[in-house]
$ cat model-v7.cif   # mmCIF, C-alpha atoms
data_run
loop_
_atom_site.label_atom_id
_atom_site.label_comp_id
_atom_site.auth_asym_id
_atom_site.auth_seq_id
_atom_site.Cartn_x
_atom_site.Cartn_y
_atom_site.Cartn_z
CA MET A 26 15.57 29.70 83.80
CA ASP A 27 13.64 27.40 81.46
CA TYR A 28 15.49 24.56 79.81
CA PHE A 29 14.71 22.50 76.71
CA GLU A 30 16.33 19.61 74.90
CA PRO A 31 14.55 19.54 71.54
CA LYS A 32 14.60 16.21 69.71
CA THR A 33 14.30 17.60 66.18
CA VAL A 34 15.37 20.72 64.28
CA SER A 35 11.74 21.77 63.80
CA GLU A 36 11.09 21.42 67.53
CA ALA A 37 14.15 23.59 68.21
CA LEU A 38 12.95 26.21 65.70
CA ALA A 39 9.51 26.26 67.34
CA LEU A 40 11.12 26.87 70.74
CA LEU A 41 13.21 29.74 69.35
CA ALA A 42 10.13 31.28 67.72
CA GLN A 43 8.13 30.92 70.92
CA HIS A 44 10.74 32.34 73.32
CA GLY A 45 12.25 35.01 71.05
CA ALA A 46 15.07 37.07 72.52
CA GLU A 47 14.78 35.20 75.86
CA ALA A 48 16.13 32.01 74.28
CA LYS A 49 19.80 31.10 74.04
CA VAL A 50 21.02 28.15 72.00
CA ILE A 51 23.70 26.07 73.71
CA ALA A 52 25.79 23.20 72.29
CA GLY A 53 29.31 22.64 73.66
CA GLY A 54 28.78 25.50 76.10
CA THR A 55 32.37 26.76 76.27
CA ASP A 56 31.23 30.34 75.54
CA VAL A 57 27.63 30.25 76.75
CA MET A 58 28.49 28.81 80.18
CA VAL A 59 30.94 31.68 80.72
CA ASP A 60 28.21 34.17 79.77
CA ILE A 61 25.84 32.51 82.26
CA LYS A 62 28.42 32.76 85.06
CA TYR A 63 29.78 36.23 84.35
CA LYS A 64 27.18 38.14 82.32
CA GLU A 65 23.51 37.31 82.32
CA GLU A 66 21.41 34.19 82.56
CA PRO A 67 19.13 33.89 79.54
CA GLY A 68 15.42 33.39 80.14
CA CYS A 69 15.64 30.00 78.55
CA LEU A 70 18.32 27.60 77.35
CA VAL A 71 17.77 25.47 74.26
CA ASN A 72 20.32 22.65 74.38
CA ILE A 73 20.78 21.34 70.84
CA LYS A 74 23.68 19.00 71.72
CA LYS A 75 21.52 15.91 71.32
CA LEU A 76 19.80 16.86 68.05
CA PRO A 77 20.27 13.86 65.75
CA GLY A 78 22.11 14.06 62.44
CA LEU A 79 24.13 17.21 63.10
CA GLY A 80 27.28 15.66 64.55
CA ALA A 81 28.93 13.90 61.61
CA ILE A 82 31.65 14.68 59.08
CA GLN A 83 30.77 13.27 55.67
CA ALA A 84 32.53 13.25 52.33
CA ASN A 85 30.04 14.62 49.82
CA GLY A 86 31.52 14.47 46.31
CA GLY A 87 33.88 17.42 45.98
CA SER A 88 33.25 18.77 49.45
CA LEU A 89 33.26 17.88 53.10
CA ARG A 90 29.96 18.31 54.91
CA ILE A 91 30.55 19.10 58.57
CA GLY A 92 27.69 18.96 61.04
CA PRO A 93 27.48 21.98 63.37
CA LEU A 94 27.73 19.74 66.46
CA VAL A 95 31.07 18.30 65.32
CA THR A 96 33.70 19.23 67.88
CA ILE A 97 36.91 21.00 66.97
CA HIS A 98 38.79 17.87 68.06
CA ASP A 99 36.64 15.72 65.75
CA ILE A 100 37.88 17.85 62.84
CA GLU A 101 41.45 17.76 64.14
CA THR A 102 41.38 13.95 64.15
CA ASN A 103 39.55 13.54 60.82
CA ALA A 104 41.85 12.20 58.10
CA LEU A 105 39.88 13.78 55.23
CA ALA A 106 39.85 17.20 56.89
CA ARG A 107 43.59 17.00 57.40
CA GLU A 108 44.30 15.87 53.85
CA LYS A 109 41.83 17.98 51.90
CA LEU A 110 41.36 21.05 54.09
CA PRO A 111 44.72 21.76 55.76
CA VAL A 112 43.83 25.45 56.25
CA LEU A 113 40.82 24.53 58.38
CA TRP A 114 42.67 21.67 60.05
CA GLU A 115 45.49 23.95 61.13
CA ALA A 116 43.04 26.42 62.70
CA CYS A 117 41.38 23.55 64.59
CA HIS A 118 44.76 22.21 65.69
CA GLN A 119 45.72 25.63 67.10
CA PHE A 120 42.33 26.10 68.74
CA ALA A 121 42.44 26.85 72.51
CA SER A 122 43.35 23.66 74.43
CA LEU A 123 42.65 19.95 74.09
CA GLN A 124 40.01 20.24 76.83
CA ILE A 125 38.17 22.98 74.92
CA ARG A 126 38.60 21.27 71.54
CA ASN A 127 36.93 18.18 73.01
CA THR A 128 33.85 20.22 73.92
CA ALA A 129 33.57 23.23 71.61
CA THR A 130 31.65 22.73 68.37
CA ILE A 131 32.38 24.25 64.96
CA GLY A 132 28.77 25.44 64.82
CA GLY A 133 29.28 27.30 68.07
CA ASN A 134 32.49 28.88 66.83
CA ILE A 135 30.63 30.04 63.70
CA CYS A 136 27.38 31.23 65.31
CA ARG A 137 29.28 33.08 68.04
CA ALA A 138 30.42 35.25 65.10
CA SER A 139 33.39 36.58 67.00
CA PRO A 140 35.81 38.48 64.73
CA SER A 141 38.58 36.30 66.19
CA GLY A 142 36.76 32.97 65.82
CA GLU A 143 39.55 30.60 64.89
CA THR A 144 37.79 28.63 62.12
CA LEU A 145 36.24 31.63 60.38
CA ALA A 146 39.05 33.05 58.23
CA PRO A 147 39.76 29.51 56.92
CA LEU A 148 36.07 29.00 56.07
CA LEU A 149 36.10 32.31 54.18
CA VAL A 150 39.07 31.40 51.96
CA LEU A 151 37.70 27.89 51.41
CA GLU A 152 34.46 29.53 50.18
CA ALA A 153 32.44 27.30 52.48
CA LYS A 154 28.68 27.64 52.78
CA ALA A 155 26.30 27.66 55.73
CA LYS A 156 23.14 25.60 55.59
CA MET A 157 20.50 27.06 57.87
CA ALA A 158 16.99 26.16 58.93
CA PHE A 159 14.31 28.78 59.60
CA PRO A 160 10.62 28.44 60.46
CA ASP A 161 9.78 29.18 56.80
CA GLY A 162 12.34 26.83 55.24
CA GLU A 163 16.01 26.19 54.59
CA LYS A 164 18.60 28.55 53.24
CA THR A 165 22.17 28.21 52.02
CA GLU A 166 24.55 31.14 52.16
CA PRO A 167 28.30 31.55 51.60
CA PHE A 168 30.23 32.53 54.73
CA THR A 169 31.56 35.54 52.81
CA SER A 170 28.18 37.23 53.47
CA PHE A 171 27.14 35.29 56.60
CA PHE A 172 28.89 37.43 59.24
CA GLN A 173 27.28 40.81 59.94
CA GLY A 174 29.03 42.10 63.05
CA PRO A 175 30.40 40.93 66.38
CA GLY A 176 27.93 38.24 67.53
CA LYS A 177 25.68 38.86 64.53
CA SER A 178 25.15 36.45 61.67
CA SER A 179 22.52 35.39 59.17
CA VAL A 180 21.31 32.72 61.61
CA GLY A 181 19.85 35.46 63.79
CA ALA A 182 17.63 34.65 66.76
CA LYS A 183 15.14 32.50 64.85
CA GLY A 184 17.37 30.21 62.80
CA LEU A 185 19.70 27.26 63.32
CA LEU A 186 22.90 26.39 61.53
CA THR A 187 22.37 22.83 60.27
CA GLY A 188 25.42 22.18 58.11
CA ILE A 189 28.75 23.50 56.89
CA ASP A 190 29.64 22.61 53.34
CA VAL A 191 33.34 23.01 52.62
CA PRO A 192 34.40 22.48 48.99
CA TYR A 193 37.83 20.97 48.45
CA PRO A 194 40.24 23.51 46.99
CA ALA A 195 41.12 23.15 43.30
CA PRO A 196 44.01 20.78 42.54
CA GLY A 197 47.31 22.62 42.84
CA SER A 198 45.96 24.98 45.50
CA HIS A 199 47.93 25.54 48.66
CA GLY A 200 46.77 27.20 51.83
CA VAL A 201 48.06 28.13 55.28
CA TYR A 202 46.53 29.48 58.46
CA LEU A 203 48.83 31.70 60.51
CA LYS A 204 47.89 32.88 63.97
CA HIS A 205 49.60 35.46 66.11
CA ALA A 206 49.15 35.15 69.86
CA VAL A 207 51.38 35.56 72.90
CA ARG A 208 51.07 31.97 74.04
CA GLY A 209 50.67 29.00 71.71
CA ALA A 210 47.80 27.37 73.57
CA MET A 211 44.64 28.97 74.97
CA ASP A 212 45.26 32.43 73.59
CA ILE A 213 42.69 34.17 71.44
CA ALA A 214 44.30 35.29 68.19
CA MET A 215 45.45 38.91 68.05
CA VAL A 216 45.42 38.34 64.31
CA GLY A 217 44.65 35.25 62.24
CA VAL A 218 45.44 35.14 58.52
CA ALA A 219 44.37 32.41 56.10
CA VAL A 220 46.00 32.45 52.67
CA MET A 221 45.18 30.19 49.76
CA VAL A 222 46.76 30.40 46.30
CA THR A 223 46.20 28.54 43.06
CA THR A 224 48.83 28.82 40.36
CA ASN A 225 48.36 28.44 36.60
CA ALA A 226 49.35 25.15 34.92
CA ALA A 227 52.86 26.46 34.16
CA LYS A 228 53.24 27.31 37.88
CA ASN A 229 54.59 30.78 37.16
CA SER A 230 51.60 32.95 37.90
CA LEU A 231 48.72 33.23 40.39
CA GLN A 232 45.46 32.08 38.91
CA ASP A 233 43.71 32.82 42.20
CA ALA A 234 44.65 34.16 45.61
CA ARG A 235 42.37 34.31 48.62
CA ILE A 236 43.20 36.06 51.87
CA GLY A 237 41.03 35.81 54.98
CA LEU A 238 41.68 38.07 57.98
CA GLY A 239 40.53 37.32 61.52
CA ALA A 240 40.35 39.60 64.59
CA VAL A 241 41.07 42.78 62.62
CA ALA A 242 37.58 44.01 61.66
CA PRO A 243 34.03 43.77 63.12
CA THR A 244 33.72 40.44 61.29
CA PRO A 245 36.25 38.07 59.75
CA ILE A 246 36.85 39.45 56.25
CA ARG A 247 38.33 38.64 52.87
CA ALA A 248 41.00 41.11 51.68
CA THR A 249 39.32 41.42 48.29
CA LYS A 250 41.35 44.36 46.94
CA THR A 251 44.57 42.54 47.76
CA GLU A 252 43.25 39.39 46.08
CA ALA A 253 42.43 41.40 42.92
CA LEU A 254 45.91 42.91 42.94
CA LEU A 255 47.49 39.43 43.03
CA ARG A 256 45.30 37.61 40.53
CA GLY A 257 46.92 36.75 37.20
CA LYS A 258 50.41 37.88 38.23
CA PRO A 259 53.67 36.08 38.99
CA LEU A 260 54.43 36.45 42.70
CA THR A 261 57.55 38.59 43.09
CA ALA A 262 59.07 40.02 46.26
CA ALA A 263 57.86 43.48 45.22
CA LEU A 264 54.31 42.21 44.71
CA VAL A 265 54.34 40.42 48.08
CA LYS A 266 55.37 43.67 49.76
CA GLU A 267 52.64 45.65 48.00
CA ALA A 268 50.00 42.99 48.74
CA ALA A 269 50.92 42.72 52.42
CA ALA A 270 50.66 46.49 52.85
CA MET A 271 47.33 46.51 51.03
CA ALA A 272 45.94 43.73 53.25
CA ALA A 273 46.94 45.75 56.32
CA ALA A 274 45.14 48.77 54.84
CA GLU A 275 42.02 46.66 54.21
CA SER A 276 41.87 45.66 57.87
CA SER A 277 40.16 47.92 60.41
CA PRO A 278 41.31 46.61 63.78
CA ILE A 279 40.47 47.98 67.19
CA SER A 280 42.77 48.45 70.18
CA ASP A 281 41.96 46.21 73.12
CA GLN A 282 43.73 44.42 75.97
CA ARG A 283 45.37 41.99 73.54
CA SER A 284 47.02 44.57 71.32
CA SER A 285 46.76 47.99 69.75
CA ALA A 286 45.18 48.59 66.34
CA GLU A 287 48.53 49.77 64.97
CA TYR A 288 50.26 46.59 66.11
CA ARG A 289 47.52 44.45 64.62
CA ARG A 290 48.03 46.14 61.23
CA TRP A 291 51.74 45.35 61.37
CA ILE A 292 50.92 41.73 62.13
CA VAL A 293 48.42 41.55 59.23
CA GLU A 294 51.22 42.79 56.97
CA ALA A 295 53.76 40.30 58.34
CA LEU A 296 51.43 37.29 58.29
CA THR A 297 50.10 38.08 54.81
CA ARG A 298 53.68 38.29 53.56
CA ARG A 299 54.62 35.00 55.22
CA GLY A 300 51.43 33.32 54.04
CA LEU A 301 52.01 34.34 50.42
CA GLU A 302 55.66 33.30 50.52
CA GLN A 303 54.86 29.92 52.08
CA THR A 304 51.97 29.04 49.79
CA TRP A 305 53.86 30.16 46.67
CA LYS A 306 56.77 27.96 47.66
CA ALA A 307 54.45 25.03 48.35
CA ALA A 308 52.72 25.52 44.98
CA THR A 309 55.76 26.14 42.78
CA GLY A 310 58.67 24.63 44.69
CA LYS A 311 60.44 27.99 44.44
CA GLU A 312 61.12 30.86 46.80
CA VAL A 313 59.59 34.24 46.01
CA VAL A 314 62.25 36.43 44.41
CA MET B 24 13.53 24.30 86.98
CA SER B 25 15.50 21.40 88.32
CA LEU B 26 16.95 18.52 86.31
CA THR B 27 17.69 15.00 87.48
CA ILE B 28 21.23 14.05 86.58
CA ASN B 29 21.86 10.30 86.34
CA THR B 30 25.52 9.78 85.62
CA THR B 31 28.47 7.51 86.44
CA ILE B 32 31.39 8.90 88.41
CA ASN B 33 34.51 6.79 88.92
CA GLY B 34 32.46 3.70 88.10
CA THR B 35 29.69 4.48 90.60
CA PRO B 36 26.18 5.38 89.39
CA VAL B 37 25.07 8.70 90.88
CA SER B 38 21.76 10.55 90.80
CA ALA B 39 21.22 14.13 91.96
CA SER B 40 19.44 17.26 90.84
CA ALA B 41 20.96 20.33 89.20
CA GLU B 42 19.78 23.59 87.68
CA PRO B 43 20.21 24.10 83.91
CA SER B 44 22.77 26.83 84.72
CA THR B 45 24.80 24.51 86.98
CA SER B 46 28.20 23.64 85.59
CA LEU B 47 29.48 20.11 85.82
CA LEU B 48 32.22 21.44 88.12
CA GLU B 49 29.67 22.95 90.53
CA PHE B 50 27.68 19.71 90.39
CA LEU B 51 30.77 17.66 91.26
CA ARG B 52 32.09 19.93 94.01
CA ASP B 53 29.00 21.46 95.61
CA THR B 54 26.32 18.81 95.10
CA LEU B 55 28.31 15.59 95.19
CA GLU B 56 31.23 16.86 97.33
CA TYR B 57 33.94 15.59 95.00
CA LYS B 58 36.29 18.39 96.08
CA GLY B 59 39.40 17.06 94.32
CA THR B 60 38.48 18.78 91.05
CA LYS B 61 39.39 22.46 91.48
CA LEU B 62 37.54 25.67 90.70
CA CYS B 63 39.98 28.29 89.46
CA CYS B 64 39.36 30.54 86.43
CA ASN B 65 35.79 29.30 85.84
CA THR B 66 36.11 30.34 82.18
CA GLY B 67 37.71 27.27 80.59
CA GLU B 68 41.20 28.72 80.40
CA CYS B 69 43.33 27.21 83.19
CA GLY B 70 42.58 23.47 83.25
CA ALA B 71 42.33 23.13 87.07
CA CYS B 72 38.86 21.59 86.65
CA THR B 73 39.91 18.99 84.07
CA ILE B 74 38.03 15.68 84.30
CA ILE B 75 37.71 12.71 81.95
CA PHE B 76 34.34 12.77 80.21
CA ASN B 77 33.52 9.72 78.07
CA GLY B 78 37.24 9.08 77.70
CA LYS B 79 38.28 12.64 76.84
CA PRO B 80 39.74 15.41 78.99
CA ILE B 81 37.41 18.40 79.27
CA ASN B 82 37.06 21.52 81.41
CA SER B 83 34.15 20.79 83.76
CA CYS B 84 33.64 24.51 84.53
CA VAL B 85 32.30 25.26 81.03
CA THR B 86 30.30 22.06 80.65
CA MET B 87 26.66 21.88 81.66
CA ALA B 88 25.83 19.43 84.45
CA ALA B 89 22.90 18.48 82.19
CA ASP B 90 25.37 17.11 79.63
CA ALA B 91 26.57 14.55 82.21
CA ILE B 92 23.32 12.59 81.92
CA GLY B 93 24.36 9.09 80.84
CA ALA B 94 28.05 9.98 80.74
CA GLN B 95 31.06 8.15 82.18
CA ILE B 96 33.12 10.54 84.29
CA THR B 97 36.49 10.06 85.94
CA THR B 98 37.70 12.58 88.53
CA ILE B 99 40.97 12.72 90.45
CA GLU B 100 39.28 10.73 93.26
CA GLY B 101 38.92 7.81 90.87
CA LEU B 102 42.62 7.31 90.12
CA ALA B 103 44.09 5.74 93.25
CA ASP B 104 43.52 2.04 93.90
CA GLY B 105 42.76 2.02 97.62
CA ASP B 106 45.91 3.26 99.35
CA THR B 107 48.01 2.79 96.22
CA LEU B 108 48.31 5.98 94.23
CA HIS B 109 48.07 6.01 90.45
CA PRO B 110 51.57 6.01 88.88
CA VAL B 111 51.01 9.59 87.67
CA GLN B 112 50.13 10.74 91.20
CA GLN B 113 53.16 8.95 92.66
CA ALA B 114 55.46 10.42 90.00
CA PHE B 115 54.25 13.98 90.78
CA ILE B 116 55.17 13.39 94.45
CA ASP B 117 58.50 11.72 93.72
CA THR B 118 59.76 14.46 91.38
CA GLY B 119 58.48 17.36 93.50
CA ALA B 120 56.12 18.46 90.73
CA VAL B 121 53.63 19.80 93.29
CA GLN B 122 54.08 23.30 94.66
CA CYS B 123 50.88 24.94 95.91
CA GLY B 124 49.03 21.94 94.47
CA TYR B 125 45.97 23.74 93.16
CA CYS B 126 46.60 22.90 89.51
CA THR B 127 47.77 19.36 90.29
CA PRO B 128 44.51 17.37 89.96
CA GLY B 129 43.88 18.90 86.53
CA TYR B 130 47.43 18.12 85.42
CA ILE B 131 47.24 14.55 86.66
CA ILE B 132 44.00 13.96 84.76
CA SER B 133 45.45 15.38 81.52
CA VAL B 134 48.58 13.25 81.96
CA LYS B 135 46.57 10.10 82.69
CA VAL B 136 44.71 10.54 79.39
CA LEU B 137 48.02 10.99 77.56
CA LEU B 138 49.68 7.95 79.14
CA ASP B 139 46.61 5.76 78.63
CA ARG B 140 47.14 6.49 74.93
CA THR B 141 50.92 6.06 74.88
CA THR B 142 53.61 5.30 77.42
CA LYS B 143 56.25 6.55 74.98
CA PRO B 144 55.22 10.21 74.69
CA THR B 145 57.50 12.54 72.74
CA ALA B 146 58.42 15.93 74.20
CA GLU B 147 55.84 17.38 71.81
CA ASP B 148 53.14 14.93 73.00
CA ILE B 149 53.79 15.98 76.59
CA GLU B 150 53.67 19.69 75.80
CA GLU B 151 50.50 19.26 73.79
CA ALA B 152 48.76 17.14 76.43
CA VAL B 153 49.21 19.70 79.21
CA SER B 154 49.08 22.92 77.17
CA GLY B 155 45.55 23.51 78.47
CA ASN B 156 46.75 23.37 82.09
CA ILE B 157 48.36 26.34 83.76
CA CYS B 158 50.62 26.23 86.84
CA ARG B 159 51.07 29.69 88.36
CA CYS B 160 53.87 28.48 90.64
CA THR B 161 55.49 27.93 87.19
CA GLY B 162 57.09 24.62 88.10
CA TYR B 163 56.83 23.25 84.58
CA THR B 164 60.22 21.52 84.48
CA LYS B 165 59.33 19.25 87.40
CA ILE B 166 55.93 18.53 85.88
CA VAL B 167 57.55 17.38 82.64
CA ASP B 168 59.97 15.25 84.70
CA ALA B 169 57.00 13.70 86.52
CA ILE B 170 55.25 12.87 83.25
CA GLN B 171 58.37 11.19 81.90
CA LEU B 172 58.86 9.23 85.14
CA ALA B 173 55.22 8.10 85.17
CA ALA B 174 55.53 7.02 81.53
CA ASP B 175 58.67 5.02 82.29
CA ARG B 176 57.05 3.34 85.29
CA MET B 177 53.83 2.54 83.44
CA ALA B 178 55.85 1.00 80.59
CA GLY B 179 57.99 -0.98 83.07
CA ARG B 180 61.14 0.96 82.12
CA SER B 181 61.76 2.25 85.64
#
$ encode --input "model-v7.cif" --output "structure tokens"
Amino acid sequence: MDYFEPKTVSEALALLAQHGAEAKVIAGGTDVMVDIKYKEEPGCLVNIKKLPGLGAIQANGGSLRIGPLVTIHDIETNALAREKLPVLWEACHQFASLQIRNTATIGGNICRASPSGETLAPLLVLEAKAKMAFPDGEKTEPFTSFFQGPGKSSVGAKGLLTGIDVPYPAPGSHGVYLKHAVRGAMDIAMVGVAVMVTTNAAKNSLQDARIGLGAVAPTPIRATKTEALLRGKPLTAALVKEAAAMAAAESSPISDQRSSAEYRRWIVEALTRRGLEQTWKAATGKEVV
Amino acid sequence: MSLTINTTINGTPVSASAEPSTSLLEFLRDTLEYKGTKLCCNTGECGACTIIFNGKPINSCVTMAADAIGAQITTIEGLADGDTLHPVQQAFIDTGAVQCGYCTPGYIISVKVLLDRTTKPTAEDIEEAVSGNICRCTGYTKIVDAIQLAADRMAGRS
């Protein structure tokens, strides 16, 4: 197996162009090393861990710019991320174990494009954007269109993720990330639900509601029909019930060793309900009635 | 192709070769014969291979040996001071927190990192610090007792 440690993004892109499908990008390695041991060795490994400039978290006006080589633990211990982006912070806090969080990068979690990737539903509801580099230039794309299937994303085999731009939610917004798994630590989510709501100035109606669903479709998804149902309405118990059922209907889970598709739909319904109730209470100070 | 890995293990500079596909765990155990760090799940899920890498606990089974170039590594072999065990090791013995013993080095490393940070860990701190370590003998109560005892001894409370 060939091995490269490119020193610049353009050098990395040239290596990917040269080696094509043979090349595998590795950063933290928590997924790729398992593939090497249990699946197949790639023809060549391109270790981007030491690429300069991709490992910092920077405040950038109204958004947080996160380098793809930032570890999950770096985000977990970042004061700005915790204060401004609690939905993402919570997903990072619940991510695998401390050992894995110290190694795994957010860029790896994103480019792996697993439907159950812990940070992905939060990035969808935060309307974060991917900055990518390709041999013919740079491109910016919202994560809402970035994921194309299990393991497939806009980065493809020729590109590199070079930045994650996460805008701060509007003032008065409240978000939660709820994960369902058997064990608290180490478990991959059976279902992950990110909910973010923004109320109107009078705090009696939903100006905006965003719902991100993880592990219940070929990619992480936004429950857009449910969001449209909620927008502009006061959140009542009846509306919560209708929205939760609609979110479950928007999901298209599979059955696997972690749970059945039917069970996953029930969990989408339950977590969407809880997420809406919790964020409404946080935003308005009142229970849903 | 073979890579030259220059790294520091338990304060001693080490140089040896490894393949790009070699994990840090394989490098430690098979090349350098540091057998204290255990191979168990080999997928980053059980914590038996936990080592301290530049001050942080990591799973060495899912880390490339190549990433150890220039790093400071502490393994279980680096904890005792001659014949005197580290307080965490001694506490595991004294509370009977060792059953089959296979998970123990990983636990002790995770606990050392915790107690280097604070010798007054809350119950939540303890749970969090070892949540990436699995004991299949399921002796968790004794392990928590050992952590508390080690904390008390390191803080001079016991």
$ closest_residue --input "model-v7.cif" --among "B:Cys69, B:Tyr163, B:Arg52, B:Ala146" --to "A:Ala210" --atoms "all atoms listed in the file"
B:Cys69
$ interface_residues --input "model-v7.cif" --of "chain A" --to "chain B" --cutoff "6 Å" --atoms "only C-alpha atoms" --output "ChimeraX atom specification"
/A:54-55,58-59,122,124,210
$ residues_near_point --input "model-v7.cif" --point "(48.6, 24.9, 42.8)" --cutoff "7 Å" --atoms "all atoms listed in the file" --output "PyMOL selection string"
chain A and resi 196-199+222-224+308
$ resolve_selection --input "model-v7.cif" --expression "the PyMOL selection byres ((chain B and resi 55) around 12)" --output "JSON, numbers by chain"
{"B": [28, 30, 31, 32, 36, 37, 38, 39, 40, 41, 47, 48, 49, 50, 51, 52, 53, 54, 56, 57, 58, 59, 60, 88, 98]}
$ closest_residue --input "model-v7.cif" --among "A:Ala138, A:Ala226, A:Ala206, A:Lys154" --to "A:Pro175" --atoms "all atoms listed in the file"
A:Ala138
$ atom_distance --input "model-v7.cif" --atom1 "atom CA of A:Leu70" --atom2 "atom CA of A:Ala39"
13.4 Å
$ resolve_selection --input "model-v7.cif" --expression "the PyMOL selection byres ((chain A and resi 273-281) around 12)" --output "VMD selection string"
chain A and resid 140 to 141 215 to 218 236 to 252 266 to 272 282 to 298
$ build_atoms --input "model-v7.cif" --residues "stretch 29-45 of chain A" --atoms "N, CA and C atoms" --output "PDB file, keeping the file's coordinate frame"
ATOM      1  N   PHE A  29      15.296  23.443  77.672  1.00  0.00           N
ATOM      2  CA  PHE A  29      14.710  22.500  76.710  1.00  0.00           C
ATOM      3  C   PHE A  29      15.801  21.703  76.004  1.00  0.00           C
ATOM      4  N   GLU A  30      15.467  20.445  75.747  1.00  0.00           N
ATOM      5  CA  GLU A  30      16.330  19.610  74.900  1.00  0.00           C
ATOM      6  C   GLU A  30      15.489  19.124  73.730  1.00  0.00           C
ATOM      7  N   PRO A  31      15.378  19.955  72.686  1.00  0.00           N
ATOM      8  CA  PRO A  31      14.550  19.540  71.540  1.00  0.00           C
ATOM      9  C   PRO A  31      15.118  18.284  70.893  1.00  0.00           C
ATOM     10  N   LYS A  32      14.194  17.477  70.325  1.00  0.00           N
ATOM     11  CA  LYS A  32      14.600  16.210  69.710  1.00  0.00           C
ATOM     12  C   LYS A  32      14.750  16.329  68.195  1.00  0.00           C
ATOM     13  N   THR A  33      14.192  17.402  67.632  1.00  0.00           N
ATOM     14  CA  THR A  33      14.300  17.600  66.180  1.00  0.00           C
ATOM     15  C   THR A  33      14.593  19.078  65.907  1.00  0.00           C
ATOM     16  N   VAL A  34      15.085  19.337  64.678  1.00  0.00           N
ATOM     17  CA  VAL A  34      15.370  20.720  64.280  1.00  0.00           C
ATOM     18  C   VAL A  34      14.089  21.544  64.313  1.00  0.00           C
ATOM     19  N   SER A  35      12.979  20.964  63.834  1.00  0.00           N
ATOM     20  CA  SER A  35      11.740  21.770  63.800  1.00  0.00           C
ATOM     21  C   SER A  35      11.243  22.081  65.218  1.00  0.00           C
ATOM     22  N   GLU A  36      11.457  21.135  66.133  1.00  0.00           N
ATOM     23  CA  GLU A  36      11.090  21.420  67.530  1.00  0.00           C
ATOM     24  C   GLU A  36      11.963  22.554  68.092  1.00  0.00           C
ATOM     25  N   ALA A  37      13.247  22.528  67.751  1.00  0.00           N
ATOM     26  CA  ALA A  37      14.150  23.590  68.210  1.00  0.00           C
ATOM     27  C   ALA A  37      13.725  24.940  67.629  1.00  0.00           C
ATOM     28  N   LEU A  38      13.371  24.956  66.337  1.00  0.00           N
ATOM     29  CA  LEU A  38      12.950  26.210  65.700  1.00  0.00           C
ATOM     30  C   LEU A  38      11.674  26.753  66.352  1.00  0.00           C
ATOM     31  N   ALA A  39      10.761  25.839  66.693  1.00  0.00           N
ATOM     32  CA  ALA A  39       9.510  26.260  67.340  1.00  0.00           C
ATOM     33  C   ALA A  39       9.798  26.896  68.698  1.00  0.00           C
ATOM     34  N   LEU A  40      10.749  26.309  69.432  1.00  0.00           N
ATOM     35  CA  LEU A  40      11.120  26.870  70.740  1.00  0.00           C
ATOM     36  C   LEU A  40      11.727  28.258  70.589  1.00  0.00           C
ATOM     37  N   LEU A  41      12.580  28.431  69.568  1.00  0.00           N
ATOM     38  CA  LEU A  41      13.210  29.740  69.350  1.00  0.00           C
ATOM     39  C   LEU A  41      12.163  30.772  68.955  1.00  0.00           C
ATOM     40  N   ALA A  42      11.202  30.359  68.138  1.00  0.00           N
ATOM     41  CA  ALA A  42      10.130  31.280  67.720  1.00  0.00           C
ATOM     42  C   ALA A  42       9.272  31.668  68.927  1.00  0.00           C
ATOM     43  N   GLN A  43       9.002  30.695  69.765  1.00  0.00           N
ATOM     44  CA  GLN A  43       8.130  30.920  70.920  1.00  0.00           C
ATOM     45  C   GLN A  43       8.791  31.822  71.969  1.00  0.00           C
ATOM     46  N   HIS A  44      10.081  31.623  72.223  1.00  0.00           N
ATOM     47  CA  HIS A  44      10.740  32.340  73.320  1.00  0.00           C
ATOM     48  C   HIS A  44      11.503  33.579  72.880  1.00  0.00           C
ATOM     49  N   GLY A  45      11.649  33.779  71.576  1.00  0.00           N
ATOM     50  CA  GLY A  45      12.250  35.010  71.050  1.00  0.00           C
ATOM     51  C   GLY A  45      13.598  35.330  71.658  1.00  0.00           C
TER      52      GLY A  45
END
